[in-house]
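Engineer: Contents of work_35.cif (mmCIF, C-alpha atoms) are below:
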data_protein
#
loop_
_atom_site.label_atom_id
_atom_site.label_comp_id
_atom_site.auth_asym_id
_atom_site.auth_seq_id
_atom_site.Cartn_x
_atom_site.Cartn_y
_atom_site.Cartn_z
CA MET P 20 -67.69 41.06 93.90
CA LYS P 21 -64.14 40.78 92.56
CA TYR P 22 -63.79 43.70 90.13
CA SER P 23 -65.25 47.16 89.58
CA VAL P 24 -64.49 48.73 86.19
CA ILE P 25 -64.54 52.54 86.50
CA VAL P 26 -64.69 54.71 83.38
CA PRO P 27 -64.85 58.54 83.41
CA VAL P 28 -66.46 59.96 80.27
CA PHE P 29 -66.57 63.39 78.66
CA ASN P 30 -68.56 63.74 75.41
CA ARG P 31 -67.57 60.36 74.00
CA PRO P 32 -70.67 58.13 73.66
CA ASP P 33 -69.34 56.23 70.62
CA GLU P 34 -66.20 55.21 72.48
CA VAL P 35 -68.22 54.02 75.46
CA ASP P 36 -70.34 51.88 73.14
CA GLU P 37 -67.24 50.05 71.87
CA LEU P 38 -65.81 49.61 75.36
CA LEU P 39 -69.03 48.22 76.82
CA GLU P 40 -69.45 45.89 73.86
CA SER P 41 -65.97 44.47 74.51
CA LEU P 42 -66.71 44.02 78.22
CA CYS P 43 -69.72 41.87 77.35
CA HIS P 44 -67.39 39.19 75.97
CA GLN P 45 -65.20 38.63 79.03
CA SER P 46 -64.88 35.01 80.16
CA ILE P 47 -64.93 36.19 83.80
CA LYS P 48 -68.30 37.66 84.76
CA ASP P 49 -67.71 38.66 88.39
CA PHE P 50 -67.47 42.40 87.76
CA GLU P 51 -69.49 45.60 87.66
CA VAL P 52 -69.08 48.60 85.36
CA ILE P 53 -69.37 52.16 86.66
CA ILE P 54 -69.67 54.91 84.05
CA VAL P 55 -69.17 58.44 85.40
CA GLU P 56 -70.35 61.17 83.03
CA ASP P 57 -68.14 64.17 83.81
CA GLY P 58 -70.50 67.02 82.89
CA SER P 59 -70.81 65.97 79.24
CA VAL P 60 -73.02 67.84 76.78
CA THR P 61 -73.27 64.77 74.56
CA THR P 62 -73.97 62.02 77.06
CA CYS P 63 -73.73 58.25 76.81
CA GLU P 64 -76.82 57.51 78.93
CA ASP P 65 -78.71 55.93 76.03
CA ILE P 66 -75.66 53.85 75.15
CA CYS P 67 -75.45 52.56 78.71
CA LYS P 68 -79.14 51.58 78.67
CA LYS P 69 -78.36 49.22 75.76
CA TYR P 70 -76.12 47.15 78.01
CA GLU P 71 -78.11 47.13 81.26
CA GLU P 72 -79.25 43.54 80.75
CA GLN P 73 -75.84 42.27 79.63
CA LEU P 74 -73.67 43.95 82.27
CA ASP P 75 -73.92 44.89 85.93
CA LEU P 76 -73.82 48.53 84.88
CA LYS P 77 -74.22 51.71 86.91
CA TYR P 78 -74.40 55.14 85.24
CA PHE P 79 -73.82 58.43 87.05
CA MET P 80 -73.95 62.02 85.85
CA LYS P 81 -72.04 64.77 87.70
CA LYS P 82 -70.67 68.27 87.18
CA ASN P 83 -67.38 68.53 85.33
CA SER P 84 -64.38 68.24 87.65
CA GLY P 85 -61.77 66.40 85.60
CA PRO P 86 -60.94 62.71 85.15
CA GLY P 87 -59.28 62.19 88.54
CA MET P 88 -62.23 63.45 90.55
CA SER P 89 -64.61 61.45 88.35
CA ARG P 90 -62.67 58.26 89.07
CA ASN P 91 -62.88 59.03 92.78
CA TYR P 92 -66.63 59.54 92.41
CA GLY P 93 -66.94 56.09 90.85
CA ALA P 94 -64.63 54.49 93.42
CA GLU P 95 -66.82 55.76 96.26
CA ARG P 96 -69.70 53.79 94.76
CA ALA P 97 -67.77 50.66 93.79
CA GLN P 98 -68.30 47.25 95.41
CA GLY P 99 -65.42 45.25 93.91
CA ASP P 100 -62.33 44.10 95.78
CA TYR P 101 -60.23 45.54 92.94
CA LEU P 102 -60.88 48.75 91.04
CA LEU P 103 -60.00 48.65 87.34
CA ILE P 104 -59.53 52.15 85.93
CA LEU P 105 -59.99 52.44 82.17
CA ASP P 106 -60.22 55.39 79.81
CA SER P 107 -63.26 55.62 77.56
CA ASP P 108 -61.10 55.36 74.42
CA VAL P 109 -59.95 51.79 75.07
CA VAL P 110 -61.34 48.43 73.98
CA VAL P 111 -60.49 45.28 75.94
CA PRO P 112 -59.77 41.86 74.38
CA GLU P 113 -61.79 38.84 75.47
CA GLY P 114 -59.05 37.59 77.80
CA TYR P 115 -58.44 40.90 79.61
CA LEU P 116 -60.02 40.05 82.98
CA GLN P 117 -58.70 36.49 82.82
CA ALA P 118 -55.16 37.84 82.35
CA ILE P 119 -55.59 39.98 85.48
CA GLU P 120 -57.01 37.04 87.42
CA THR P 121 -54.13 34.80 86.36
CA GLU P 122 -51.50 37.34 87.44
CA LEU P 123 -53.16 37.95 90.81
CA GLN P 124 -53.34 34.22 91.50
CA ARG P 125 -49.70 33.81 90.52
CA LYS P 126 -48.50 36.66 92.73
CA PRO P 127 -50.72 39.16 94.59
CA ALA P 128 -50.32 42.89 93.95
CA ASP P 129 -51.71 46.01 95.61
CA ALA P 130 -51.72 47.87 92.30
CA PHE P 131 -50.96 47.00 88.70
CA GLY P 132 -51.32 48.09 85.13
CA GLY P 133 -51.05 46.79 81.60
CA PRO P 134 -49.73 48.01 78.24
CA ASP P 135 -51.68 49.11 75.20
CA ARG P 136 -51.75 48.17 71.54
CA ALA P 137 -53.17 49.44 68.26
CA HIS P 138 -56.12 47.55 66.79
CA GLU P 139 -56.18 46.59 63.12
CA SER P 140 -59.23 48.83 62.63
CA PHE P 141 -57.39 51.95 63.82
CA THR P 142 -56.45 54.56 61.24
CA ASP P 143 -52.87 54.73 60.01
CA THR P 144 -52.42 57.94 62.00
CA GLN P 145 -53.63 56.27 65.20
CA LYS P 146 -51.27 53.36 64.61
CA ALA P 147 -48.38 55.76 64.03
CA ILE P 148 -49.22 57.66 67.22
CA SER P 149 -49.46 54.38 69.14
CA TYR P 150 -46.02 53.44 67.81
CA SER P 151 -44.51 56.76 68.88
CA MET P 152 -45.88 56.37 72.41
CA THR P 153 -44.59 52.84 72.92
CA SER P 154 -41.40 52.51 70.86
CA PHE P 155 -37.98 52.17 72.43
CA PHE P 156 -36.72 54.81 69.99
CA THR P 157 -39.14 57.47 71.26
CA THR P 158 -40.00 56.80 74.89
CA GLY P 159 -37.30 54.29 75.76
CA GLY P 160 -40.00 51.63 75.92
CA ILE P 161 -41.22 52.82 79.32
CA ARG P 162 -44.82 52.83 78.03
CA GLY P 163 -44.59 49.81 75.80
CA GLY P 164 -44.94 47.00 78.31
CA LYS P 165 -41.37 45.76 77.83
CA LYS P 166 -38.18 46.12 79.81
CA LYS P 167 -38.21 49.48 81.57
CA LEU P 168 -35.58 52.16 82.02
CA ASP P 169 -37.62 53.29 85.02
CA LYS P 170 -39.87 51.32 87.40
CA PHE P 171 -43.38 50.73 86.16
CA TYR P 172 -45.99 53.38 86.94
CA PRO P 173 -49.56 52.35 86.07
CA ARG P 174 -51.39 54.78 83.79
CA SER P 175 -55.06 55.61 84.05
CA PHE P 176 -55.97 54.15 80.64
CA ASN P 177 -55.33 50.67 82.11
CA MET P 178 -54.80 50.58 85.87
CA GLY P 179 -55.89 48.30 88.68
CA ILE P 180 -55.70 48.69 92.45
CA ARG P 181 -57.17 47.09 95.55
CA ARG P 182 -60.19 49.07 96.71
CA ASP P 183 -58.96 49.37 100.29
CA VAL P 184 -55.58 50.70 99.10
CA TYR P 185 -57.33 53.21 96.82
CA ARG P 186 -59.37 54.58 99.70
CA GLN P 187 -56.42 54.54 102.07
CA LEU P 188 -54.47 56.77 99.64
CA GLY P 189 -57.41 59.07 98.96
CA GLY P 190 -57.60 58.24 95.26
CA PHE P 191 -56.58 60.67 92.52
CA SER P 192 -55.55 64.27 93.19
CA LYS P 193 -57.11 67.35 91.58
CA MET P 194 -54.32 67.60 88.99
CA ARG P 195 -55.83 67.92 85.52
CA PHE P 196 -52.86 66.26 83.80
CA GLY P 197 -50.39 63.76 85.23
CA GLU P 198 -52.85 62.79 87.95
CA ASP P 199 -52.29 59.09 87.22
CA ILE P 200 -48.52 59.38 87.67
CA ASP P 201 -49.11 61.39 90.85
CA PHE P 202 -51.30 58.55 92.14
CA SER P 203 -48.70 55.93 91.14
CA ILE P 204 -45.99 57.85 92.99
CA ARG P 205 -48.13 57.87 96.12
CA ILE P 206 -48.75 54.13 95.71
CA PHE P 207 -44.99 53.51 95.78
CA LYS P 208 -44.43 55.95 98.65
CA ALA P 209 -47.00 54.04 100.71
CA GLY P 210 -44.89 50.90 100.32
CA CYS P 211 -47.47 49.10 98.19
CA HIS P 212 -46.53 46.32 95.80
CA CYS P 213 -47.09 47.51 92.22
CA ARG P 214 -46.18 45.71 89.01
CA LEU P 215 -46.84 45.32 85.30
CA PHE P 216 -49.30 42.70 84.04
CA PRO P 217 -47.94 42.31 80.48
CA GLU P 218 -50.81 40.16 79.21
CA ALA P 219 -53.54 42.48 80.57
CA TRP P 220 -53.30 44.81 77.58
CA VAL P 221 -55.94 46.95 75.93
CA TRP P 222 -56.48 48.49 72.52
CA HIS P 223 -55.99 52.22 73.00
CA LYS P 224 -57.23 54.64 70.33
CA ARG P 225 -55.23 57.62 71.62
CA ARG P 226 -55.60 60.79 69.50
CA THR P 227 -57.00 60.86 65.98
CA ASP P 228 -54.81 63.61 64.49
CA MET P 229 -51.43 65.23 65.06
CA ARG P 230 -52.81 68.52 66.41
CA LYS P 231 -54.68 66.77 69.23
CA PHE P 232 -51.69 64.53 69.82
CA PHE P 233 -49.38 67.53 70.15
CA ARG P 234 -51.68 69.09 72.77
CA GLN P 235 -51.75 65.82 74.71
CA VAL P 236 -47.98 65.40 74.88
CA PHE P 237 -47.45 69.13 75.46
CA ASN P 238 -49.63 68.86 78.57
CA SER P 239 -47.70 65.75 79.60
CA GLY P 240 -44.49 67.76 79.50
CA ILE P 241 -46.10 70.40 81.70
CA ALA P 242 -47.34 67.72 84.08
CA ARG P 243 -43.84 66.32 84.48
CA ILE P 244 -42.58 69.60 85.93
CA ASN P 245 -45.66 69.88 88.16
CA LEU P 246 -44.89 66.40 89.45
CA TYR P 247 -41.26 67.39 89.99
CA LYS P 248 -42.38 70.32 92.13
CA LYS P 249 -44.41 67.91 94.29
CA TYR P 250 -41.91 65.03 94.25
CA PRO P 251 -38.39 66.21 93.32
CA GLU P 252 -37.07 62.66 93.41
CA SER P 253 -39.53 61.61 90.68
CA LEU P 254 -37.64 63.39 87.90
CA LYS P 255 -35.39 60.85 86.16
CA LEU P 256 -32.92 61.08 83.29
CA VAL P 257 -35.40 59.48 80.89
CA HIS P 258 -37.85 62.36 81.52
CA LEU P 259 -35.25 64.88 80.34
CA LEU P 260 -34.61 63.21 77.00
CA PRO P 261 -37.51 64.82 75.06
CA MET P 262 -36.34 68.26 76.22
CA VAL P 263 -32.76 67.46 75.14
CA PHE P 264 -34.09 66.14 71.83
CA THR P 265 -36.15 69.30 71.26
CA VAL P 266 -33.26 71.64 71.98
CA GLY P 267 -30.93 69.51 69.86
CA ILE P 268 -33.30 69.49 66.88
CA CYS P 269 -33.70 73.26 67.07
CA LEU P 270 -29.94 73.81 67.18
CA LEU P 271 -29.31 71.43 64.29
CA PHE P 272 -32.02 73.06 62.21
CA LEU P 273 -30.74 76.57 62.89
CA THR P 274 -27.19 75.45 62.08
CA ALA P 275 -28.39 73.99 58.77
CA CYS P 276 -30.28 77.18 57.94
CA PHE P 277 -27.23 79.32 58.72
CA GLY P 278 -25.02 77.10 56.59
CA ARG P 279 -27.48 77.26 53.69
CA ILE P 280 -27.57 81.05 53.86
CA MET P 281 -23.79 81.20 53.84
CA MET P 282 -23.68 78.86 50.83
CA VAL P 283 -25.69 81.47 48.91
CA TYR P 284 -24.33 84.72 50.28
CA GLY P 285 -20.92 83.80 51.71
CA ASN P 286 -17.51 83.62 50.12
CA PRO P 287 -17.65 81.20 47.14
CA ASP P 288 -14.32 79.74 48.21
CA ASP P 289 -15.99 78.52 51.43
CA PHE P 290 -18.95 76.90 49.65
CA TYR P 291 -17.98 73.28 50.33
CA GLY P 292 -17.21 74.07 53.95
CA TRP P 293 -20.68 75.46 54.46
CA TYR P 294 -22.15 72.57 52.47
CA THR P 295 -20.41 70.13 54.81
CA LEU P 296 -21.86 72.01 57.79
CA VAL P 297 -25.41 71.73 56.38
CA VAL P 298 -25.02 68.00 55.71
CA SER P 299 -23.52 67.40 59.16
CA ALA P 300 -26.40 69.24 60.83
CA LEU P 301 -29.14 67.47 58.87
CA SER P 302 -27.61 63.98 58.96
CA PRO P 303 -28.68 63.11 62.56
CA ILE P 304 -32.24 64.23 61.80
CA ILE P 305 -32.37 62.21 58.58
CA LEU P 306 -30.82 59.11 60.16
CA TYR P 307 -33.22 59.22 63.10
CA SER P 308 -36.17 59.63 60.73
CA LEU P 309 -35.03 56.61 58.71
CA LEU P 310 -34.67 54.56 61.90
CA ILE P 311 -38.21 55.44 62.96
CA MET P 312 -39.64 54.74 59.51
CA VAL P 313 -37.97 51.34 59.13
CA ASP P 314 -38.79 50.17 62.67
CA SER P 315 -42.42 51.29 62.50
CA ALA P 316 -42.90 49.93 58.98
CA PHE P 317 -41.56 46.57 60.15
CA GLN P 318 -43.76 46.49 63.27
CA ASN P 319 -46.90 47.67 61.48
CA LYS P 320 -46.14 45.92 58.19
CA SER P 321 -46.83 49.17 56.36
CA ILE P 322 -44.43 51.64 54.73
CA HIS P 323 -47.17 54.28 54.84
CA ILE P 324 -47.50 53.99 58.61
CA GLY P 325 -43.71 54.09 58.79
CA PHE P 326 -43.68 57.47 57.06
CA ILE P 327 -46.46 58.84 59.30
CA SER P 328 -44.56 57.58 62.34
CA ILE P 329 -41.73 59.98 61.54
CA GLY P 330 -44.07 62.92 62.07
CA ALA P 331 -45.67 61.27 65.11
CA ALA P 332 -42.27 60.70 66.73
CA PHE P 333 -41.20 64.31 66.22
CA VAL P 334 -44.57 65.58 67.50
CA GLN P 335 -44.35 63.30 70.54
CA LEU P 336 -40.82 64.31 71.50
CA THR P 337 -40.89 68.02 70.64
CA GLY P 338 -44.42 68.50 72.03
CA TYR P 339 -43.41 66.98 75.35
CA GLY P 340 -40.12 68.85 75.28
CA LEU P 341 -41.76 72.23 74.64
CA GLY P 342 -44.31 71.67 77.42
CA PHE P 343 -41.50 70.65 79.76
CA ILE P 344 -39.45 73.77 78.91
CA GLN P 345 -42.43 76.11 79.29
CA ALA P 346 -43.36 74.60 82.65
CA TRP P 347 -39.74 74.73 83.84
CA TRP P 348 -39.56 78.43 82.96
CA ARG P 349 -42.85 79.37 84.60
CA ARG P 350 -42.63 77.21 87.69
CA CYS P 351 -38.91 76.76 88.41
CA VAL P 352 -37.53 80.06 87.12
CA ARG P 353 -40.43 82.48 87.63
CA GLY P 354 -41.69 80.67 90.74
CA LYS P 355 -45.38 80.53 89.86
CA ASP P 356 -47.68 77.93 91.38
CA GLU P 357 -49.61 75.48 89.21
CA PHE P 358 -52.77 77.57 88.98
CA GLN P 359 -50.97 80.84 88.15
CA ALA P 360 -48.71 79.21 85.59
CA PHE P 361 -51.36 77.29 83.66
CA GLU P 362 -54.74 78.83 84.34
CA LYS P 363 -55.74 78.88 80.66
CA THR P 364 -54.54 75.35 79.99
CA PHE P 365 -55.59 73.52 83.15
CA TYR P 366 -58.54 75.35 84.65
CA LYS P 367 -60.91 76.38 81.88
#
Can you present the structure in this file as structure tokens?

Structural biologist:
Amino acid sequence: MKYSVIVPVFNRPDEVDELLESLCHQSIKDFEVIIVEDGSVTTCEDICKKYEEQLDLKYFMKKNSGPGMSRNYGAERAQGDYLLILDSDVVVPEGYLQAIETELQRKPADAFGGPDRAHESFTDTQKAISYSMTSFFTTGGIRGGKKKLDKFYPRSFNMGIRRDVYRQLGGFSKMRFGEDIDFSIRIFKAGCHCRLFPEAWVWHKRRTDMRKFFRQVFNSGIARINLYKKYPESLKLVHLLPMVFTVGICLLFLTACFGRIMMVYGNPDDFYGWYTLVVSALSPIILYSLLIMVDSAFQNKSIHIGFISIGAAFVQLTGYGLGFIQAWWRRCVRGKDEFQAFEKTFYK
């Protein structure tokens, strides 16, 4: 068997239904699907039974241990030469497996990954969040499947790896967040050949509202410091930008607030000086917001999505930045280990 598709699931039967439906339409049929239920209360067992005759499908239920351990559980039971790791909230286009096959025939790879896109059926908020996670003006394009500021690290929503390499490296670690980057770092350290398959993309739903999105990127910021503690060389300039952005936005906002107060309560003769200070402080924020709105509106062909993308961009950057700062303080300054620093967040 050529491919084993491994999907960890936690209380998301509707998402699994959409993913399995999309897998039924692949032009390449030499694959199995392994669904690993990670201690869900609302299971997808009945959903999986719908597709037993259409797919080579295996369903497993286990105690909750996190996505990384669930992927390892599925990998131990996989038969394919290549393991394809997908999140339950993705949908694959009809040519997904063919795109992987074409790339592997063109040039072999030990590990690989593909980008993600927003489907037309996604909500405007989901499209705005997808934009913020893939745009050059938010993440530098390192997650958008285009030219990278950093070398490509496959992410667990759309990752492939040879089964023998997976087992040689021991699979995913017990990290609750950032475990896919941790695995990618170990892939590179082992001297394996890893690259981007730009045409092997998936539709990725991501989060459905800004509160959930903030929690996701906040945890990503925390994970970056945890990865730095394990692999100091992994921290690059691009990873510091959200923290710099967050601090900069806070300073500009405080400066504008101070200037506004002084306009009201300060010396009237200095009014225009304080007014200039307020405008100068707010101008970078306004200009950046306009840049995001115009670029997103153009890409999504929707002014409404452009406006929502402003909020999504600020949530993405400040959420990551705040998580990064908190983790830096607890782990680098106070010297706590991962469990002590984030027991409530990571080990519920």

Engineer: Taking all atoms listed in the file into account, which of P:Asn30, P:Ser321, P:Gln345, P:Ser41 comes nearest Pro112 of chain P?

Structural biologist: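 Closest residue, counting all atoms listed in the file: P:Ser41.
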
Engineer: Kindly resolve the PyMOL selection byres ((chain P and resi 181-189) around 7) on the present coordinates and return the residues as an MDAnalysis selection string.

Structural biologist: chainID P and resid 100:102 129:130 180 190:191

Engineer: Skipping near chain neighbours, those fewer than 4 positions away, what residues fall within 9 Å of Ile329 of chain P using all atoms listed in the file, listed as a VMD selection string?

Structural biologist: chain P and resid 147 151 307 to 312 315 324 to 325 333 to 334

Engineer: May I ask which of the residues P:Ser192, P:Gln124, P:Thr61, P:Gln73 is the closest one to Asn91 of chain P, counting only C-alpha atoms?

Structural biologist: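 Result for the nearest residue to Asn91 of chain P: P:Ser192.
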
Engineer: Would you please work out which residue, of P:Leu215, P:Gly285, P:Ser46, P:Asp228, is nearest to Lys126 of chain P when using only C-alpha atoms?

Structural biologist: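 Closest to Lys126 of chain P of all the choices is P:Leu215.
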
Engineer: Quote the spacing between atom CA of Leu271 of chain P and atom CA of Ala300 of chain P in Å to one decimal place.

Structural biologist: 5.0 Å

Engineer: If you count only C-alpha atoms, which residues fall within 7 Å of Met178 of chain P, apart from same-chain ones fewer than 4 positions away, as a list in words?

Structural biologist: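 Returned residues: Leu103, Ile104, Leu105, Phe131, Gly132, Gly133, Pro173 and Arg174 of chain P.
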
Engineer: Report as number ranges by chain the full result of the PyMOL selection byres ((chain P and resi 22) around 9) when it is applied to this structure.

Structural biologist: P: 20-21, 23-24, 49-52, 97-103, 116

Engineer: For Ile47 of chain P, which residue out of P:Leu74, P:Val28, P:Val263, P:Met152 is the nearest one, using only C-alpha atoms?

Structural biologist: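 The closest residue to Ile47 of chain P is P:Leu74.
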
Engineer: Step by step, work through what the PyMOL selection byres ((chain P and resi 246) around 10) selects in the shown file, and finish by giving those residues as an MDAnalysis selection string.

Structural biologist: chainID P and resid 194 196:198 200:201 204 241:245 247:254

Engineer: Would you work out the distance separating atom CA of Thr227 of chain P from atom CA of Phe156 of chain P, expressed in Å to one decimal?

Structural biologist: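 Answer for the atom CA of Thr227 of chain P to atom CA of Phe156 of chain P separation: 21.5 Å.
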
Engineer: Could you please give me, as a PyMOL selection string, the residues of protein, DNA or RNA lying at most 8 Å from (-73.0, 48.0, 84.7) in the coordinate frame of the file, considering only C-alpha atoms?

Structural biologist: chain P and resi 51-54+67+70-71+74-78

Engineer: Fewer than 2 positions away in the same chain doesn't count, so skip those; otherwise give me all residues within 10 Å of Cys63 of chain P, counting only C-alpha atoms, as a list of chain:residue names.

Structural biologist: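 So the residues in contact are P:Val28, P:Phe29, P:Asn30, P:Arg31, P:Pro32, P:Asp33, P:Glu34, P:Val35, P:Asp36, P:Ile54, P:Val55, P:Glu56, P:Ser59, P:Val60, P:Thr61, P:Asp65, P:Ile66, P:Cys67, P:Lys68, P:Tyr78, P:Met80.
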
Engineer: Create the file for the chosen residues now, containing C-alpha atoms and written as a PDB file, in the frame of the given file.

Structural biologist:
ATOM      1  CA  VAL P  28     -66.460  59.960  80.270  1.00  0.00           C
ATOM      2  CA  PHE P  29     -66.570  63.390  78.660  1.00  0.00           C
ATOM      3  CA  ASN P  30     -68.560  63.740  75.410  1.00  0.00           C
ATOM      4  CA  ARG P  31     -67.570  60.360  74.000  1.00  0.00           C
ATOM      5  CA  PRO P  32     -70.670  58.130  73.660  1.00  0.00           C
ATOM      6  CA  ASP P  33     -69.340  56.230  70.620  1.00  0.00           C
ATOM      7  CA  GLU P  34     -66.200  55.210  72.480  1.00  0.00           C
ATOM      8  CA  VAL P  35     -68.220  54.020  75.460  1.00  0.00           C
ATOM      9  CA  ASP P  36     -70.340  51.880  73.140  1.00  0.00           C
ATOM     10  CA  ILE P  54     -69.670  54.910  84.050  1.00  0.00           C
ATOM     11  CA  VAL P  55     -69.170  58.440  85.400  1.00  0.00           C
ATOM     12  CA  GLU P  56     -70.350  61.170  83.030  1.00  0.00           C
ATOM     13  CA  SER P  59     -70.810  65.970  79.240  1.00  0.00           C
ATOM     14  CA  VAL P  60     -73.020  67.840  76.780  1.00  0.00           C
ATOM     15  CA  THR P  61     -73.270  64.770  74.560  1.00  0.00           C
ATOM     16  CA  ASP P  65     -78.710  55.930  76.030  1.00  0.00           C
ATOM     17  CA  ILE P  66     -75.660  53.850  75.150  1.00  0.00           C
ATOM     18  CA  CYS P  67     -75.450  52.560  78.710  1.00  0.00           C
ATOM     19  CA  LYS P  68     -79.140  51.580  78.670  1.00  0.00           C
ATOM     20  CA  TYR P  78     -74.400  55.140  85.240  1.00  0.00           C
ATOM     21  CA  MET P  80     -73.950  62.020  85.850  1.00  0.00           C
TER      22      MET P  80
END

Engineer: In Å to one decimal, how far is atom CA of Leu306 of chain P from atom CA of His258 of chain P?

Structural biologist: 22.7 Å

Engineer: Smallest atom-to-atom distance to Ala316 of chain P: which of P:Glu64, P:Glu357, P:Asp143, P:Glu120, using all atoms listed in the file?

Structural biologist: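 Of P:Glu64, P:Glu357, P:Asp143, P:Glu120, the one nearest Ala316 of chain P is P:Asp143, counting all atoms listed in the file.
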
Engineer: Which residues come within 7 Å of Lys81 of chain P, counting all atoms listed in the file, excluding same-chain residues fewer than 2 positions away, as a PyMOL selection string?

Structural biologist: chain P and resi 56-58+79+83

Engineer: Mind rebuilding segment 74-80 of chain P with all heavy atoms and writing that out as a JSON list (two decimals), keeping the file's coordinate frame?

Structural biologist:
[["chain", "number", "residue", "atom", "x", "y", "z"],
["P", 74, "LEU", "N", -74.71, 43.63, 81.30],
["P", 74, "LEU", "CA", -73.67, 43.95, 82.27],
["P", 74, "LEU", "C", -74.27, 44.45, 83.57],
["P", 74, "LEU", "O", -75.39, 45.00, 83.58],
["P", 74, "LEU", "CB", -72.75, 45.04, 81.70],
["P", 74, "LEU", "CG", -71.93, 44.72, 80.45],
["P", 74, "LEU", "CD1", -71.32, 46.00, 79.89],
["P", 74, "LEU", "CD2", -70.83, 43.70, 80.77],
["P", 75, "ASP", "N", -73.57, 44.25, 84.66],
["P", 75, "ASP", "CA", -73.92, 44.89, 85.93],
["P", 75, "ASP", "C", -73.40, 46.32, 85.83],
["P", 75, "ASP", "O", -72.28, 46.62, 86.22],
["P", 75, "ASP", "CB", -73.26, 44.14, 87.08],
["P", 75, "ASP", "CG", -73.64, 44.71, 88.45],
["P", 75, "ASP", "OD1", -74.37, 45.73, 88.49],
["P", 75, "ASP", "OD2", -73.19, 44.16, 89.47],
["P", 76, "LEU", "N", -74.25, 47.19, 85.29],
["P", 76, "LEU", "CA", -73.82, 48.53, 84.88],
["P", 76, "LEU", "C", -74.50, 49.61, 85.70],
["P", 76, "LEU", "O", -75.71, 49.59, 85.90],
["P", 76, "LEU", "CB", -74.14, 48.72, 83.39],
["P", 76, "LEU", "CG", -73.83, 50.06, 82.76],
["P", 76, "LEU", "CD1", -72.34, 50.38, 82.83],
["P", 76, "LEU", "CD2", -74.30, 50.08, 81.31],
["P", 77, "LYS", "N", -73.70, 50.56, 86.17],
["P", 77, "LYS", "CA", -74.22, 51.71, 86.91],
["P", 77, "LYS", "C", -73.76, 52.98, 86.19],
["P", 77, "LYS", "O", -72.58, 53.11, 85.85],
["P", 77, "LYS", "CB", -73.72, 51.70, 88.35],
["P", 77, "LYS", "CG", -74.13, 50.47, 89.15],
["P", 77, "LYS", "CD", -73.54, 50.50, 90.54],
["P", 77, "LYS", "CE", -73.98, 49.29, 91.35],
["P", 77, "LYS", "NZ", -73.47, 48.01, 90.78],
["P", 78, "TYR", "N", -74.69, 53.89, 85.96],
["P", 78, "TYR", "CA", -74.40, 55.14, 85.24],
["P", 78, "TYR", "C", -74.66, 56.33, 86.15],
["P", 78, "TYR", "O", -75.72, 56.41, 86.78],
["P", 78, "TYR", "CB", -75.28, 55.22, 83.98],
["P", 78, "TYR", "CG", -75.19, 56.54, 83.26],
["P", 78, "TYR", "CD1", -74.17, 56.78, 82.34],
["P", 78, "TYR", "CD2", -76.12, 57.55, 83.49],
["P", 78, "TYR", "CE1", -74.09, 58.00, 81.66],
["P", 78, "TYR", "CE2", -76.05, 58.77, 82.82],
["P", 78, "TYR", "CZ", -75.03, 58.98, 81.91],
["P", 78, "TYR", "OH", -74.95, 60.18, 81.25],
["P", 79, "PHE", "N", -73.69, 57.24, 86.22],
["P", 79, "PHE", "CA", -73.82, 58.43, 87.05],
["P", 79, "PHE", "C", -73.48, 59.67, 86.22],
["P", 79, "PHE", "O", -72.55, 59.66, 85.42],
["P", 79, "PHE", "CB", -72.87, 58.37, 88.26],
["P", 79, "PHE", "CG", -73.13, 57.20, 89.18],
["P", 79, "PHE", "CD1", -72.37, 56.05, 89.08],
["P", 79, "PHE", "CD2", -74.13, 57.27, 90.14],
["P", 79, "PHE", "CE1", -72.59, 54.98, 89.94],
["P", 79, "PHE", "CE2", -74.36, 56.20, 90.99],
["P", 79, "PHE", "CZ", -73.59, 55.04, 90.89],
["P", 80, "MET", "N", -74.24, 60.73, 86.46],
["P", 80, "MET", "CA", -73.95, 62.02, 85.85],
["P", 80, "MET", "C", -73.56, 63.00, 86.95],
["P", 80, "MET", "O", -74.18, 63.05, 88.01],
["P", 80, "MET", "CB", -75.18, 62.55, 85.11],
["P", 80, "MET", "CG", -75.12, 64.02, 84.72],
["P", 80, "MET", "SD", -73.92, 64.38, 83.42],
["P", 80, "MET", "CE", -74.89, 63.93, 81.97]]
